[in-house]
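Worksheet for the structure shown next.
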Amino acid sequence: MTISTVPPDRNTSLSSMRYDPRLQVETRSDDLDLTSGLRLIRRRMVMIMAIVMLLMAVAATVISGLKPTYHAESRLIIHTPLATKLGTDESGRNDPLDATSETERLLSRSIAERVIRDLRLNEWPEFNPALQEISPIDKIRSMLRGWVDSEKPSLPIRDSIEPIIPKYYKALRVWRDGQGDVIQIGFDAGDPELAASVPNRLISIYLEERKDSLRGRVDAAEEWLLLRIDEQMGRAKAARDAADLYQKTTDVASKDDDQVEQIKSIMELGERRTKIEQSRAEARATISALEAADDASLVLQSMVIPDSIVAMQRELRTQEQDLERLLETYGNTAEAVVDARAKILKSRTDLSLATDRYLQSIHAKLAALDHEDDAIRSALAVAHEKRTRSALAQTELARLQRMADKEQTALDKLEEQRRGLAAQAMLPGAELEVLSPAAVPLAPKGRGRLFYLIGALLASISIAVTAAFVVEMLDNSVRSFDQMAGMSRIVPAGFIPHLKRKDRREPSMLFGSMQDGMFDEAIRSVMTSLKQSNGGKLPNSIVVTSAHSGEGKSLVARSLAIDLAANGIPVLLVDGDLRLGNLDSLFKSELKQGLNEFLCGQAGMRDIIHHHPSGIDFIPAGNASLHRRVRMADAADIVAMAGSLGHIVIFDSAPVLASADTMHLTALAERTLVVVKWGKTSRRAVEFCLHQLKTARNAEVAVAINNVNPNKHAMYNFSDSELFVSSLRKYHEYT
């Protein structure tokens, strides 16, 4: 990237510039690139060290507490008693025992307490913290805990069983052997005889606890079921009484014939109303035709009219025919012609009067039909209301009967459960088969502490390095133009360093307060690249877009507009994201209309342009709900208007992969700038985005990499990795 402090001139011609990526040396698949691996480890050194230190801290804590221990275990199978399989009653407990549930029973608190008391584990310092000597590590832990917590830790009580329970469960292990029903019980202890005694004693206590637990559960369930049955009987009786009372009160059953009559009456009224509507439509059509016609005689010829009017029409036609015959023989002033015309005039007058009377009779008939329709409508409403009340009564009765049936069904289920529980009470609990009892171990398990410590260190390093390589392999984001060397017809527009989040949110940081920063220099460099790719002149229209949202296209678009305005170049910034545009918050305009309204034809050009004191003309997005009705072709009017006024149009468009509107804007604009976020945008997304843009317009597309971290960028082996290093050094020397 070239950082220039000279603002770009719109009309100055510059030499053509192209970005030539560093020559990539192709290596064979069987060659190992050690330098690339070392650079990767260098980039991820903080991550690797953090993982190693975290894993070693955990491993050292665990290894420091290791002591020689003996392990003994027994294997057993818990069967469903044979007597339960002989029962034919469906309520019997014929399903096999769940090995997972029985494993949890072996780990129950009551069995643990009995094992501890029977074997006197409270007399062993290994399990009783009150008998243990405080180690230096424990002293350090308590001291550190005292700095954080002001309360003093309570001392363990010698005769209490609570501190022994966690130690017991830590030494005990109960698990299933694969997917079978074999259960293994293992115990670790410093004494080999104690390690063998615990599994064997636990099995005998389990059998006793299983028998007592089953008896207690059956008794408690039977008592609970009896209470539920009494309550359910009351609810079932109340539901039946409510249904019977409602049926007697409303007399729903005796109104079946009335419902048939109501339906028949509704149908008859509906048919009558339909006929009235047809008569009314015919009367209205006749009235409309007679009132709209200039010559009633012509209209009456195509209508059904009374016989008197038909006779008058026939006589009028006869007189007109006689007049035509007289005119063939005599002139217009002949006495016979004058008399004929007088008769025709009188006949027409009489016909007009008869037609008016007929029209009045039709009006009267229409009024009578309206009155009759109102009466039928009222009767129909009354019939519908009666029908609705009857249907509601039937529905309510059916609901009450369903509730009564539901309560009775629940009562029957409870009775069935009580009978099944009584049958289960007579069945035995479980049968246990010990495959191999626990024997006294002859040697301790495990290895020395040093072995575990070295192994933990090597494993931690391997895991950390592997994690670093996996992170790098999964990282397919764009960090340099070298990665886009295979993409044709693109123009690298430069790198843009990242801004702090507070600088992005404060408009004052963009309107002139950071004109000497690296970000501002990068924006000038981007503008210079656009000028060079456009034949040495600033393009009249620019579309700024990206592949996805959140890549900084809006920041780049408004920064370009601010840079042009600061150099005295008229600029028009258009919020082209019609659905999610929010650039209006930067200028804080009070416009109620925007680009959506203009493209829908609801607003004019002058109604949507906001003039900011900084010299930027701005068009907001407007109402997003109008997005589906816009005509993107009308955006060409904005470009033409801006060109006539000497303005450069910058469209802050929507992401290419999120909206098709960007394709229309790129077809209208002179240049397109795609903003790619450093370390976030994937190469596949960039390639697909550029393919879409080239499909819309077969022209070169400028690409700018945004949000670049200079320090991290220098750690990569790209041809432009050292670019920001020198720029940072010069910037710090200048500041």
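A note on labels: chains of the structure tokens are A, B, ... as shown, every chain counts residues from 1, and ligands are counted from 1 in their shown order.
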All residues 12 Å or closer to Ala443 of chain A, only C-alpha atoms, same chain fewer than 6 positions away omitted, as a list in words: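 The residues satisfying every condition are Pro68, Thr69, Tyr70, His71, Ala72, Ala189, Gly190, Asp191, Pro192, Glu193 and Ala195 of chain A.
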Written file, previous selection with C-alpha atoms, as a PDB file, in the first residue's frame:
```pdb
ATOM      1  CA  PRO A  68       0.469 -45.566  45.720  1.00  0.00           C
ATOM      2  CA  THR A  69      -2.986 -47.067  45.671  1.00  0.00           C
ATOM      3  CA  TYR A  70      -4.383 -50.590  45.354  1.00  0.00           C
ATOM      4  CA  HIS A  71      -7.342 -51.404  43.204  1.00  0.00           C
ATOM      5  CA  ALA A  72      -9.768 -54.294  43.659  1.00  0.00           C
ATOM      6  CA  ALA A 189      -7.363 -47.646  48.770  1.00  0.00           C
ATOM      7  CA  GLY A 190      -3.920 -47.488  50.296  1.00  0.00           C
ATOM      8  CA  ASP A 191      -4.546 -50.834  52.050  1.00  0.00           C
ATOM      9  CA  PRO A 192      -5.037 -53.858  49.741  1.00  0.00           C
ATOM     10  CA  GLU A 193      -7.361 -55.722  52.153  1.00  0.00           C
ATOM     11  CA  ALA A 195      -9.712 -52.273  48.741  1.00  0.00           C
TER      12      ALA A 195
END
```
Tell me, as an MDAnalysis selection string, which residues lie within 10 Å of segment 683-699 of chain A, counting only C-alpha atoms; anything in the same chain fewer than 4 positions away does not count. chainID A and resid 475:479 483:484 486:490 545:548 655:657 660 662:672 674:676 703
Quick one: which segment 357-474 of chain A residues come within 9 Å of segment 274-292 of chain A, and what is the nearest atom pair for each with the distance in Å to one decimal, counting only C-alpha atoms, rows ordered by chain and ascending number, as a tab-separated table?
```
residue	atom	partner	partner_atom	distance
A:Leu359	CA	A:Ile287	CA	6.6
A:Ile362	CA	A:Ala283	CA	6.3
A:His363	CA	A:Ile287	CA	7.6
A:Lys365	CA	A:Ala283	CA	7.9
A:Leu366	CA	A:Arg280	CA	6.1
A:Leu369	CA	A:Ile276	CA	6.4
A:Asp370	CA	A:Arg280	CA	7.8
A:Glu372	CA	A:Ile276	CA	8.1
A:Asp373	CA	A:Ile276	CA	6.7
```
Residues near Met267 of chain A, anyone? I mean within 12 Å using only C-alpha atoms, not counting same-chain ones fewer than 6 positions away, as a ChimeraX atom specification. /A:260-261,273-274,376,379-380,383-384
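Remark: for Phe451 of chain A, the closest of the candidate residues A:Arg387, A:Ala60, A:Leu560, A:Thr103 is A:Ala60 (distances computed over only C-alpha atoms).
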Can you list, as a list in words, every protein, DNA or RNA residue that comes within 12 Å of Leu450 of chain A when you count only C-alpha atoms, leaving out same-chain residues fewer than 4 positions away?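 These residues fall inside the cut-off: Ala59, Ala60, Ile63, Ser64, Leu66, Gly446, Ile454, Gly455, Ala456 and Leu457 of chain A.
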